[in-house]
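structure.cif (mmCIF, C-alpha atoms)
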```cif
data_protein
#
loop_
_atom_site.label_atom_id
_atom_site.label_comp_id
_atom_site.auth_asym_id
_atom_site.auth_seq_id
_atom_site.Cartn_x
_atom_site.Cartn_y
_atom_site.Cartn_z
CA MET A 163 0.00 0.00 0.00
CA THR A 164 1.66 3.23 -1.10
CA THR A 165 0.94 6.50 0.61
CA SER A 166 -0.51 7.89 -2.62
CA THR A 167 -3.51 5.57 -2.39
CA PRO A 168 -6.43 7.61 -1.10
CA LEU A 169 -7.49 6.77 2.45
CA TRP A 170 -10.98 5.74 1.41
CA ARG A 171 -9.55 2.99 -0.81
CA HIS A 172 -7.70 1.45 2.14
CA PRO A 173 -9.50 -1.66 3.48
CA GLU A 174 -9.52 -0.18 7.01
CA PHE A 175 -11.76 2.66 5.78
CA ALA A 176 -14.58 0.18 5.21
CA VAL A 177 -13.91 -1.50 8.56
CA GLY A 178 -14.15 1.84 10.35
CA ALA A 179 -17.30 2.80 8.48
CA ARG A 180 -18.92 -0.57 9.19
CA GLU A 181 -18.19 -0.38 12.92
CA MET A 182 -19.89 3.02 13.10
CA ARG A 183 -22.86 2.04 10.96
CA ASP A 184 -25.01 0.55 13.74
CA VAL A 185 -24.23 3.36 16.16
CA ALA A 186 -25.05 5.94 13.49
CA LEU A 187 -28.74 5.53 14.25
CA GLY A 188 -28.17 6.62 17.85
CA ILE A 189 -25.95 9.52 16.79
CA GLY A 190 -28.57 10.52 14.25
CA ALA A 191 -31.28 10.52 16.93
CA TRP A 192 -29.13 12.83 19.05
CA GLY A 193 -28.51 15.09 16.08
CA LEU A 194 -32.23 15.25 15.46
CA VAL A 195 -32.91 16.20 19.07
CA ALA A 196 -30.07 18.73 19.12
CA GLY A 197 -31.42 20.30 15.93
CA ILE A 198 -34.87 20.56 17.47
CA ALA A 199 -33.49 21.95 20.74
CA MET A 200 -31.35 24.60 19.02
CA THR A 201 -34.27 25.78 16.92
CA LYS A 202 -36.77 25.76 19.79
CA ALA A 203 -34.34 27.77 21.91
CA GLY A 204 -34.63 30.52 19.33
CA LEU A 205 -31.24 30.30 17.66
CA GLY A 206 -32.75 30.43 14.16
CA PRO A 207 -32.19 27.80 11.46
CA VAL A 208 -29.03 29.32 9.95
CA PHE A 209 -27.17 29.60 13.25
CA ALA A 210 -28.48 26.24 14.46
CA ILE A 211 -27.03 24.53 11.39
CA ALA A 212 -23.82 26.58 11.52
CA MET A 213 -23.32 25.67 15.18
CA SER A 214 -23.76 21.99 14.46
CA LEU A 215 -21.48 22.10 11.39
CA PHE A 216 -18.59 23.90 13.08
CA VAL A 217 -18.80 23.14 16.78
CA PHE A 218 -19.65 19.45 16.18
CA ALA A 219 -19.99 18.61 19.87
CA GLY A 220 -23.49 17.65 20.92
CA SER A 221 -23.33 17.93 24.68
CA ALA A 222 -21.23 21.12 24.61
CA GLN A 223 -23.67 22.70 22.15
CA LEU A 224 -26.66 21.83 24.30
CA ALA A 225 -24.91 23.17 27.41
CA ALA A 226 -23.87 26.44 25.72
CA LEU A 227 -27.20 26.98 24.02
CA PRO A 228 -29.33 28.30 26.90
CA LEU A 229 -26.49 30.60 27.95
CA MET A 230 -26.28 32.08 24.45
CA VAL A 231 -30.02 32.57 24.31
CA GLN A 232 -30.04 34.25 27.73
CA GLY A 233 -27.28 36.56 26.53
CA ALA A 234 -24.66 35.35 29.03
CA PRO A 235 -21.16 36.82 28.66
CA LEU A 236 -19.16 35.11 25.91
CA TRP A 237 -16.49 33.81 28.28
CA VAL A 238 -19.18 32.00 30.30
CA VAL A 239 -20.49 30.34 27.13
CA TRP A 240 -16.99 29.25 26.12
CA ALA A 241 -15.95 28.15 29.62
CA THR A 242 -19.06 26.00 29.88
CA ALA A 243 -18.35 24.26 26.58
CA PHE A 244 -14.72 23.84 27.60
CA CYS A 245 -15.68 22.09 30.84
CA VAL A 246 -18.19 19.83 29.11
CA ASN A 247 -15.43 18.92 26.64
CA LEU A 248 -12.77 18.24 29.29
CA ARG A 249 -13.00 14.49 28.66
CA PHE A 250 -11.63 15.10 25.16
CA ILE A 251 -8.46 16.58 26.68
CA ILE A 252 -7.94 13.28 28.47
CA PHE A 253 -8.68 11.37 25.25
CA SER A 254 -6.14 13.55 23.39
CA ALA A 255 -3.41 12.22 25.68
CA GLY A 256 -4.44 8.74 24.54
CA TRP A 257 -4.21 9.88 20.89
CA ARG A 258 -0.68 11.20 21.26
CA PRO A 259 1.34 7.98 20.68
CA TYR A 260 -0.76 7.13 17.58
CA LEU A 261 -0.51 10.49 15.85
CA GLN A 262 2.92 11.69 16.93
CA SER A 263 4.53 11.09 13.52
CA LEU A 264 2.06 13.37 11.72
CA PRO A 265 2.37 17.15 11.25
CA ARG A 266 0.49 19.25 13.81
CA VAL A 267 -2.31 20.40 11.49
CA GLN A 268 -3.05 16.80 10.58
CA ARG A 269 -3.02 15.71 14.23
CA LEU A 270 -5.52 18.40 15.15
CA PHE A 271 -7.63 17.59 12.11
CA VAL A 272 -7.94 13.93 13.09
CA ALA A 273 -8.67 14.78 16.73
CA TYR A 274 -11.30 17.39 15.87
CA PHE A 275 -13.38 14.84 13.97
CA THR A 276 -13.03 12.19 16.67
CA VAL A 277 -16.08 12.12 18.91
CA ASP A 278 -16.51 9.67 21.79
CA PHE A 279 -17.77 6.76 19.69
CA THR A 280 -14.96 7.04 17.16
CA TYR A 281 -12.32 7.23 19.88
CA ILE A 282 -13.68 4.16 21.63
CA ALA A 283 -14.04 2.13 18.43
CA PHE A 284 -10.52 3.12 17.37
CA MET A 285 -8.92 2.15 20.66
CA ARG A 286 -10.67 -1.21 20.53
CA ARG A 287 -9.48 -1.84 16.97
CA PHE A 288 -5.91 -0.62 17.62
CA PRO A 289 -4.93 -1.29 21.25
CA ARG A 290 -1.31 -0.46 20.33
CA PRO A 291 0.09 2.12 17.90
CA GLY A 292 1.07 0.54 14.57
CA ASP A 293 0.52 1.13 10.85
CA VAL A 294 -0.34 4.86 10.75
CA ARG A 295 -1.88 4.62 7.29
CA ALA A 296 -4.29 1.86 8.32
CA GLN A 297 -5.20 3.74 11.49
CA LEU A 298 -5.91 6.96 9.60
CA ALA A 299 -8.05 5.07 7.11
CA TYR A 300 -10.02 3.51 9.95
CA VAL A 301 -10.62 6.90 11.61
CA ALA A 302 -11.58 8.45 8.28
CA GLY A 303 -14.17 5.75 7.58
CA ASN A 304 -15.54 5.79 11.10
CA ALA A 305 -15.68 9.57 11.48
CA SER A 306 -17.22 10.09 8.04
CA VAL A 307 -20.21 7.95 8.96
CA SER A 308 -20.66 9.66 12.32
CA TRP A 309 -20.21 13.16 10.84
CA ILE A 310 -22.70 12.57 8.05
CA SER A 311 -25.34 11.02 10.31
CA TRP A 312 -24.94 13.76 12.94
CA GLN A 313 -25.04 16.66 10.47
CA SER A 314 -27.83 15.36 8.24
CA MET A 315 -30.08 14.55 11.19
CA THR A 316 -29.35 17.92 12.83
CA VAL A 317 -30.52 19.67 9.69
CA LEU A 318 -33.59 17.45 9.68
CA GLY A 319 -34.22 18.36 13.33
CA VAL A 320 -33.96 22.06 12.53
CA VAL A 321 -36.46 21.64 9.71
CA LEU A 322 -38.87 19.43 11.67
CA ALA A 323 -38.57 21.32 14.97
CA ASP A 324 -42.28 22.09 15.08
CA VAL A 325 -43.42 18.67 13.89
CA ILE A 326 -41.71 16.22 16.26
CA PRO A 327 -43.02 16.46 19.83
CA GLU A 328 -40.30 16.59 22.47
CA ARG A 329 -42.18 14.19 24.75
CA TRP A 330 -41.45 11.30 22.40
CA GLY A 331 -37.97 11.42 23.82
CA LEU A 332 -36.31 10.26 20.59
CA GLY A 333 -32.92 11.29 21.93
CA PHE A 334 -33.09 8.19 24.09
CA ALA A 335 -31.98 6.23 21.03
CA GLY A 336 -28.61 7.92 21.52
CA SER A 337 -28.53 6.81 25.15
CA LEU A 338 -29.31 3.26 24.05
CA ALA A 339 -26.37 3.39 21.65
CA LEU A 340 -24.20 4.51 24.57
CA LEU A 341 -25.62 1.70 26.67
CA GLY A 342 -24.66 -0.92 24.08
CA ILE A 343 -21.15 0.52 23.67
CA THR A 344 -20.67 0.64 27.42
CA ALA A 345 -21.80 -2.97 27.76
CA SER A 346 -19.39 -4.03 25.02
CA LEU A 347 -16.50 -2.46 26.95
CA LEU A 348 -17.25 -4.49 30.09
CA VAL A 349 -15.01 -7.41 29.25
CA ASP A 350 -13.36 -8.40 32.52
CA ARG A 351 -13.37 -7.79 36.25
CA ALA A 352 -11.19 -4.68 35.97
CA THR A 353 -13.53 -2.93 33.52
CA TRP A 354 -16.59 -3.82 35.61
CA ILE A 355 -14.98 -2.40 38.75
CA ALA A 356 -13.83 0.73 36.91
CA ALA A 357 -17.34 1.24 35.54
CA ALA A 358 -18.93 0.79 38.96
CA VAL A 359 -16.51 3.28 40.50
CA ALA A 360 -17.18 5.73 37.68
CA ALA A 361 -20.93 5.43 38.21
CA CYS A 362 -20.63 6.07 41.97
CA ALA A 363 -18.27 9.01 41.42
CA ALA A 364 -20.47 10.52 38.72
CA PHE A 365 -23.50 10.27 40.95
CA ALA A 366 -21.74 11.55 44.07
CA ALA A 367 -20.34 14.53 42.16
CA PHE A 368 -23.52 15.19 40.24
CA ALA A 369 -24.12 18.54 41.93
CA LEU A 370 -20.97 19.99 40.35
CA PRO A 371 -21.64 22.52 37.57
CA PHE A 372 -20.67 22.17 33.87
CA HIS A 373 -20.84 18.34 33.81
CA LEU A 374 -17.64 18.30 35.86
CA ASN A 375 -18.85 15.06 37.45
CA VAL A 376 -17.77 13.36 34.21
CA VAL A 377 -14.19 14.44 34.89
CA VAL A 378 -14.43 13.25 38.51
CA ALA A 379 -15.72 9.88 37.27
CA ILE A 380 -12.84 9.55 34.78
CA ALA A 381 -10.26 10.40 37.44
CA ALA A 382 -11.76 7.90 39.89
CA ALA A 383 -11.95 5.11 37.31
CA MET A 384 -8.37 5.73 36.16
CA ALA A 385 -7.11 5.65 39.75
CA VAL A 386 -8.92 2.38 40.43
CA GLY A 387 -7.75 1.02 37.08
CA ILE A 388 -4.13 1.65 38.06
CA LEU A 389 -4.69 -0.09 41.39
CA ILE A 390 -6.27 -3.14 39.74
CA ASP A 391 -3.58 -3.40 37.07
CA HIS A 392 -0.82 -3.20 39.67
CA LEU A 393 -2.39 -5.47 42.27
CA ALA A 394 -3.59 -8.21 39.92
CA PRO A 395 -0.17 -9.23 38.47
CA ALA A 396 1.32 -9.16 41.97
CA ARG A 397 -1.36 -11.54 43.21
CA ALA A 398 -0.95 -13.74 40.13
CA SER A 399 2.78 -14.06 40.74
CA VAL A 400 2.13 -15.00 44.38
CA GLU A 401 -0.21 -17.75 43.12
CA ARG A 402 2.44 -18.96 40.71
CA SER A 403 5.15 -19.09 43.35
CA LYS A 404 2.78 -21.08 45.57
CA ASP A 405 2.26 -23.58 42.74
CA THR A 406 5.95 -24.07 42.15
CA ALA A 407 6.75 -24.33 45.84
CA MET B 1 -27.49 37.88 21.58
CA THR B 2 -27.02 40.04 18.53
CA THR B 3 -26.17 38.45 15.20
CA TRP B 4 -22.51 39.38 15.51
CA MET B 5 -22.30 38.15 19.08
CA THR B 6 -23.79 34.83 17.97
CA ILE B 7 -21.24 34.51 15.18
CA VAL B 8 -18.39 35.24 17.60
CA ALA B 9 -19.86 32.79 20.12
CA ILE B 10 -20.06 30.01 17.54
CA ALA B 11 -16.54 30.76 16.28
CA GLY B 12 -15.26 30.57 19.86
CA LEU B 13 -17.11 27.32 20.50
CA THR B 14 -15.53 25.86 17.36
CA LEU B 15 -12.13 26.82 18.72
CA VAL B 16 -13.05 25.17 22.04
CA SER B 17 -13.85 21.92 20.17
CA ILE B 18 -10.52 22.04 18.32
CA VAL B 19 -8.45 22.90 21.39
CA THR B 20 -10.04 20.37 23.76
CA ARG B 21 -10.01 17.47 21.29
CA GLY B 22 -6.45 18.22 20.24
CA PHE B 23 -5.09 19.48 23.57
CA PHE B 24 -2.11 17.15 24.03
CA LEU B 25 -1.53 17.00 20.27
CA ILE B 26 -0.66 20.70 20.00
CA PRO B 27 3.01 20.59 21.13
CA ASP B 28 5.46 19.29 18.50
CA ARG B 29 8.15 18.15 20.94
CA GLU B 30 7.97 14.78 22.64
CA LEU B 31 5.53 14.59 25.52
CA PRO B 32 6.67 11.83 27.80
CA ILE B 33 3.55 10.06 29.08
CA PRO B 34 4.50 7.67 31.89
CA ALA B 35 3.56 4.03 31.36
CA TRP B 36 1.18 3.92 34.34
CA LEU B 37 -0.72 6.92 33.00
CA ARG B 38 -0.92 5.39 29.53
CA GLU B 39 -2.38 2.23 31.03
CA ALA B 40 -4.83 4.22 33.15
CA LEU B 41 -6.00 6.18 30.10
CA ARG B 42 -7.55 2.96 28.82
CA TYR B 43 -10.26 3.37 31.46
CA ALA B 44 -11.08 6.99 30.54
CA PRO B 45 -13.60 6.40 27.72
CA LEU B 46 -15.50 3.76 29.70
CA ALA B 47 -15.74 6.09 32.70
CA ALA B 48 -16.84 9.01 30.52
CA LEU B 49 -19.56 6.87 28.94
CA VAL B 50 -20.86 5.69 32.30
CA ALA B 51 -20.90 9.23 33.69
CA VAL B 52 -22.71 10.63 30.67
CA LEU B 53 -25.10 7.70 30.52
CA LEU B 54 -26.16 7.57 34.18
CA PRO B 55 -28.32 10.72 34.30
CA GLU B 56 -29.84 9.96 30.90
CA LEU B 57 -30.98 6.50 31.95
CA ALA B 58 -31.81 6.91 35.59
CA MET B 59 -32.28 10.53 36.61
CA THR B 60 -35.01 13.13 36.32
CA ASP B 61 -34.25 16.72 37.34
CA ASP B 62 -31.11 15.87 39.33
CA HIS B 63 -32.72 12.95 41.20
CA LEU B 64 -32.81 9.21 40.65
CA ILE B 65 -36.02 7.98 39.03
CA ALA B 66 -38.55 7.56 41.85
CA THR B 67 -41.46 6.02 39.97
CA TRP B 68 -42.11 2.78 38.12
CA LYS B 69 -44.06 4.74 35.54
CA ASP B 70 -41.00 5.88 33.64
CA ALA B 71 -40.66 4.45 30.13
CA ARG B 72 -36.86 4.71 30.34
CA ILE B 73 -36.68 1.91 32.93
CA TYR B 74 -38.31 -0.58 30.54
CA ALA B 75 -36.49 0.73 27.48
CA THR B 76 -33.17 0.37 29.29
CA ALA B 77 -34.02 -3.14 30.51
CA THR B 78 -35.04 -4.12 26.98
CA GLY B 79 -31.81 -2.67 25.61
CA ILE B 80 -29.71 -4.62 28.11
CA VAL B 81 -31.51 -7.91 27.41
CA VAL B 82 -31.21 -7.47 23.64
CA PHE B 83 -27.55 -6.54 23.84
CA VAL B 84 -26.63 -9.42 26.16
CA THR B 85 -28.46 -11.98 24.02
CA THR B 86 -27.59 -10.71 20.52
CA ARG B 87 -24.55 -8.38 20.98
CA SER B 88 -26.23 -6.23 18.32
CA LEU B 89 -26.03 -2.46 18.76
CA LEU B 90 -28.65 -1.82 16.12
CA GLY B 91 -31.04 -4.30 17.77
CA THR B 92 -30.42 -2.66 21.15
CA ILE B 93 -31.24 0.80 19.80
CA LEU B 94 -34.30 -0.30 17.84
CA ALA B 95 -35.84 -2.52 20.54
CA GLY B 96 -35.23 -0.01 23.33
CA THR B 97 -36.63 2.89 21.30
CA ALA B 98 -39.67 0.81 20.31
CA VAL B 99 -40.46 0.05 23.97
CA LEU B 100 -39.91 3.70 24.91
CA LEU B 101 -42.21 5.03 22.21
CA ALA B 102 -44.88 2.41 22.91
CA LEU B 103 -45.01 3.26 26.62
CA ARG B 104 -44.79 7.03 26.05
CA LEU B 105 -47.49 7.15 23.41
CA ALA B 106 -49.85 4.48 24.79
CA LEU B 107 -49.54 5.07 28.54
CA GLY B 108 -47.97 8.49 28.76
CA TRP B 109 -45.08 7.17 30.90
#
```

Output the file's structure in the form of C-alpha cells.
Amino acid sequence: MTTSTPLWRHPEFAVGAREMRDVALGIGAWGLVAGIAMTKAGLGPVFAIAMSLFVFAGSAQLAALPLMVQGAPLWVVWATAFCVNLRFIIFSAGWRPYLQSLPRVQRLFVAYFTVDFTYIAFMRRFPRPGDVRAQLAYVAGNASVSWISWQSMTVLGVVLADVIPERWGLGFAGSLALLGITASLLVDRATWIAAAVAACAAFAAFALPFHLNVVVAIAAAMAVGILIDHLAPARASVERSKDTA
Amino acid sequence: MTTWMTIVAIAGLTLVSIVTRGFFLIPDRELPIPAWLREALRYAPLAALVAVLLPELAMTDDHLIATWKDARIYATATGIVVFVTTRSLLGTILAGTAVLLALRLALGW
C-alpha cells in the first residue's frame, strides 16, 4: 500500500465505516434532538445549522445553548463548553502515541473529527500504535459515517422542529447506543470495577456545575484502574510461586 | 445575543472543540507520558460513557427515578436484554426505542 492511495480505498476505511454504521442511528437521533433543541431555543435555522457544522460537539452545544439565548457573557459560554469537553483533553493524551509522527495540522484535524464513539471504536481496533496509514483510514471511515449522520439529522431536526413532539424522547436512542457501547467495553473484572466506581463518582459529584462530574468519574476510574492493574499481576505471581513451591 | 455576538460565540465554540479534542496534540516536541498513566488512560472512555449515561438513563431533574411509571426503565431493561443476548447495537437501539415510544405514546409514561 503506497501513501498515494487515497485513504478511502484502504481496506480499514470500510472496517471503520462498518463499525460506526449501527451506532449511526443513535448519533442521528441525538442530532435530530439537538437540531430541534437549538431551533426551539430561538437560535434560528441558519445559526443552528452553523453551530452543528462547526462546533460538532453535541453535549457542549446543548450546554452552551441556553447561555447564548439568555445573553450570558461570551467567556461564560466558552468556559461552559470547555468544561463539558474536558474528557476530550484526556482522550487527546491517549491519541498522542498514535498520531505523533504526523504534522500538527493533521493531528488536530484527526482529533477534531473524533467524537466519543470514534475514539472508543478506534482504541478497541488498535490497542497499540502501529501502521499509521491503516489507522488513519479507519478513523476516516468511522468519522465520516458519524459526521454525516450527525449533520444530516441535525438539519432534519432544525427543519422538523415544530413537527416532532419533544415528549417522544427520541434522543433516548442515543442513550441506548451509549448503553450498548458501554456494555461491550465491560469485558473483565477490571472494567466492571472501573465502571462501577465511575458510576458512583459521577453520581456523588452530580451537583458539580458544567458536567464536571464526568471528569471526577474519569479520574476515579483511572485511579482504580491503576490499582487493579498493579495489584492483579502481583497476586498472580504469588499464586504462581505457591504452585511451584 | 445580537447576530454578531452569535457569530463570535459560535466561532469561539468551534475553537473550544478544536483545542479540547487536540489538547495534548498541539506541542510538537515529545511529551513523555509515563507508562502507568498510559495504562490508566484505557479506562477513561468507559468512565466518561458511564458518567454521561447515568443521568440519561436513571435521573429526572437531578434525582434518581422515583417512579415505576418511567418508560426509560423498561427501554433500558429491553436494551440490556437485547444486547446481552444478541450483541447487536442496532437491535439494542431499535428494541429499546420501540419500547420507549410504545409506553410514552400508549400510557404516557

Dump as JSON lines the rows for residues of chain B within 7 Å of chain A: closest atom pair and distance in Å with one decimal, all atoms listed in the file counted, ordered by chain and rising residue number.
```
{"residue": "B:Met1", "atom": "CA", "partner": "A:Gly233", "partner_atom": "CA", "distance": 5.1}
{"residue": "B:Ala9", "atom": "CA", "partner": "A:Leu236", "partner_atom": "CA", "distance": 6.3}
{"residue": "B:Ile10", "atom": "CA", "partner": "A:Met213", "partner_atom": "CA", "distance": 5.9}
{"residue": "B:Gly12", "atom": "CA", "partner": "A:Trp240", "partner_atom": "CA", "distance": 6.6}
{"residue": "B:Leu13", "atom": "CA", "partner": "A:Val217", "partner_atom": "CA", "distance": 5.8}
{"residue": "B:Thr14", "atom": "CA", "partner": "A:Val217", "partner_atom": "CA", "distance": 4.3}
{"residue": "B:Val16", "atom": "CA", "partner": "A:Phe244", "partner_atom": "CA", "distance": 6.0}
{"residue": "B:Ser17", "atom": "CA", "partner": "A:Val217", "partner_atom": "CA", "distance": 6.1}
{"residue": "B:Ile18", "atom": "CA", "partner": "A:Tyr274", "partner_atom": "CA", "distance": 5.3}
{"residue": "B:Thr20", "atom": "CA", "partner": "A:Ile251", "partner_atom": "CA", "distance": 5.0}
{"residue": "B:Arg21", "atom": "CA", "partner": "A:Phe250", "partner_atom": "CA", "distance": 4.8}
{"residue": "B:Gly22", "atom": "CA", "partner": "A:Leu270", "partner_atom": "CA", "distance": 5.2}
{"residue": "B:Phe23", "atom": "CA", "partner": "A:Ile251", "partner_atom": "CA", "distance": 5.4}
{"residue": "B:Phe24", "atom": "CA", "partner": "A:Ala255", "partner_atom": "CA", "distance": 5.4}
{"residue": "B:Leu25", "atom": "CA", "partner": "A:Arg258", "partner_atom": "CA", "distance": 5.9}
{"residue": "B:Ile26", "atom": "CA", "partner": "A:Arg266", "partner_atom": "CA", "distance": 6.5}
{"residue": "B:Asp28", "atom": "CA", "partner": "A:Arg266", "partner_atom": "CA", "distance": 6.8}
{"residue": "B:Trp36", "atom": "CA", "partner": "A:Ile388", "partner_atom": "CA", "distance": 6.9}
{"residue": "B:Arg38", "atom": "CA", "partner": "A:Gly256", "partner_atom": "CA", "distance": 7.0}
{"residue": "B:Ala40", "atom": "CA", "partner": "A:Met384", "partner_atom": "CA", "distance": 4.9}
{"residue": "B:Leu41", "atom": "CA", "partner": "A:Gly256", "partner_atom": "CA", "distance": 6.3}
{"residue": "B:Tyr43", "atom": "CA", "partner": "A:Met384", "partner_atom": "CA", "distance": 5.6}
{"residue": "B:Ala44", "atom": "CA", "partner": "A:Ile380", "partner_atom": "CA", "distance": 5.3}
{"residue": "B:Pro45", "atom": "CA", "partner": "A:Ile282", "partner_atom": "CA", "distance": 6.5}
{"residue": "B:Leu46", "atom": "CA", "partner": "A:Thr344", "partner_atom": "CA", "distance": 6.5}
{"residue": "B:Ala47", "atom": "CA", "partner": "A:Ile380", "partner_atom": "CA", "distance": 5.0}
{"residue": "B:Ala48", "atom": "CA", "partner": "A:Val376", "partner_atom": "CA", "distance": 5.8}
{"residue": "B:Leu49", "atom": "CA", "partner": "A:Thr344", "partner_atom": "CA", "distance": 6.5}
{"residue": "B:Val50", "atom": "CA", "partner": "A:Ala361", "partner_atom": "CA", "distance": 5.9}
{"residue": "B:Ala51", "atom": "CA", "partner": "A:Val376", "partner_atom": "CA", "distance": 5.2}
{"residue": "B:Val52", "atom": "CA", "partner": "A:Val376", "partner_atom": "CA", "distance": 6.7}
{"residue": "B:Leu53", "atom": "CA", "partner": "A:Ser337", "partner_atom": "CA", "distance": 6.4}
{"residue": "B:Leu54", "atom": "CA", "partner": "A:Ala361", "partner_atom": "CA", "distance": 6.9}
{"residue": "B:Glu56", "atom": "CA", "partner": "A:Ser337", "partner_atom": "CA", "distance": 6.7}
{"residue": "B:Gly79", "atom": "CA", "partner": "A:Leu338", "partner_atom": "CA", "distance": 6.6}
{"residue": "B:Phe83", "atom": "CA", "partner": "A:Gly342", "partner_atom": "CA", "distance": 6.3}
{"residue": "B:Leu89", "atom": "CA", "partner": "A:Gly342", "partner_atom": "CA", "distance": 5.7}
{"residue": "B:Leu90", "atom": "CA", "partner": "A:Asp184", "partner_atom": "CA", "distance": 5.0}
{"residue": "B:Thr92", "atom": "CA", "partner": "A:Leu338", "partner_atom": "CA", "distance": 6.7}
{"residue": "B:Ile93", "atom": "CA", "partner": "A:Leu338", "partner_atom": "CA", "distance": 5.3}
{"residue": "B:Gly96", "atom": "CA", "partner": "A:Leu338", "partner_atom": "CA", "distance": 6.8}
{"residue": "B:Thr97", "atom": "CA", "partner": "A:Ala335", "partner_atom": "CA", "distance": 5.7}
{"residue": "B:Leu101", "atom": "CA", "partner": "A:Trp330", "partner_atom": "CA", "distance": 6.3}
{"residue": "B:Arg104", "atom": "CA", "partner": "A:Trp330", "partner_atom": "CA", "distance": 6.5}
```

Restricting the output to C-alpha atoms, write the selected residues as a short mmCIF file (atom, residue, chain, number, x, y, z; two decimals), in the frame of the given file.
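Saved as selection-v6.cif:
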```cif
data_model
loop_
_atom_site.label_atom_id
_atom_site.label_comp_id
_atom_site.auth_asym_id
_atom_site.auth_seq_id
_atom_site.Cartn_x
_atom_site.Cartn_y
_atom_site.Cartn_z
CA MET B 1 -27.49 37.88 21.58
CA ALA B 9 -19.86 32.79 20.12
CA ILE B 10 -20.06 30.01 17.54
CA GLY B 12 -15.26 30.57 19.86
CA LEU B 13 -17.11 27.32 20.50
CA THR B 14 -15.53 25.86 17.36
CA VAL B 16 -13.05 25.17 22.04
CA SER B 17 -13.85 21.92 20.17
CA ILE B 18 -10.52 22.04 18.32
CA THR B 20 -10.04 20.37 23.76
CA ARG B 21 -10.01 17.47 21.29
CA GLY B 22 -6.45 18.22 20.24
CA PHE B 23 -5.09 19.48 23.57
CA PHE B 24 -2.11 17.15 24.03
CA LEU B 25 -1.53 17.00 20.27
CA ILE B 26 -0.66 20.70 20.00
CA ASP B 28 5.46 19.29 18.50
CA TRP B 36 1.18 3.92 34.34
CA ARG B 38 -0.92 5.39 29.53
CA ALA B 40 -4.83 4.22 33.15
CA LEU B 41 -6.00 6.18 30.10
CA TYR B 43 -10.26 3.37 31.46
CA ALA B 44 -11.08 6.99 30.54
CA PRO B 45 -13.60 6.40 27.72
CA LEU B 46 -15.50 3.76 29.70
CA ALA B 47 -15.74 6.09 32.70
CA ALA B 48 -16.84 9.01 30.52
CA LEU B 49 -19.56 6.87 28.94
CA VAL B 50 -20.86 5.69 32.30
CA ALA B 51 -20.90 9.23 33.69
CA VAL B 52 -22.71 10.63 30.67
CA LEU B 53 -25.10 7.70 30.52
CA LEU B 54 -26.16 7.57 34.18
CA GLU B 56 -29.84 9.96 30.90
CA GLY B 79 -31.81 -2.67 25.61
CA PHE B 83 -27.55 -6.54 23.84
CA LEU B 89 -26.03 -2.46 18.76
CA LEU B 90 -28.65 -1.82 16.12
CA THR B 92 -30.42 -2.66 21.15
CA ILE B 93 -31.24 0.80 19.80
CA GLY B 96 -35.23 -0.01 23.33
CA THR B 97 -36.63 2.89 21.30
CA LEU B 101 -42.21 5.03 22.21
CA ARG B 104 -44.79 7.03 26.05
#
```

Among the residues A:Pro291, A:Pro228, A:Gly178, A:Gly220, the one that comes closest to Leu194 in chain A [using only C-alpha atoms]:
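Ranking A:Pro291, A:Pro228, A:Gly178, A:Gly220 by distance to Leu194 in chain A, first place goes to A:Gly220.
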
Selection: 12 Å around Leu169 in chain A, all atoms listed in the file, excl. self and same-chain fewer than 2 positions, as an NGL selection string:
:A and (163-167 or 171-176 or 178 or 294-304 or 306)

Would you compute the distance between CA of Leu322 in chain A and CA of Asp70 in chain B? Give it in Å to one decimal.
25.9 Å

Between B:Ile33, B:Val19, B:Arg42, B:Pro55, which residue has the minimum interatomic distance to Ala366 in chain A, considering only C-alpha atoms?
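Among the listed residues, B:Pro55 lies closest to Ala366 in chain A.
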
Can you tell me how far CA of Thr85 in chain B sits from CA of Arg180 in chain A, in Å to one decimal?
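Computed distance, CA of Thr85 in chain B to CA of Arg180 in chain A, equals 21.0 Å.
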
Could you please give me, as a list in words, the residues of protein, DNA or RNA lying at most 9 Å from (-32.7, 21.1, 16.6) in the coordinate frame of the file, considering all atoms listed in the file?
Gly193, Leu194, Val195, Ala196, Gly197, Ile198, Ala199, Met200, Thr201, Lys202, Ala203, Pro207, Ala210, Ile211, Met315, Thr316, Val317, Leu318, Gly319, Val320, Val321, Leu322 and Ala323 of chain A

For CA of Gly190 in chain A and CA of Ala98 in chain B, quote the distance in Å rounded to one decimal.
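Distance between the two atoms: 15.9 Å.
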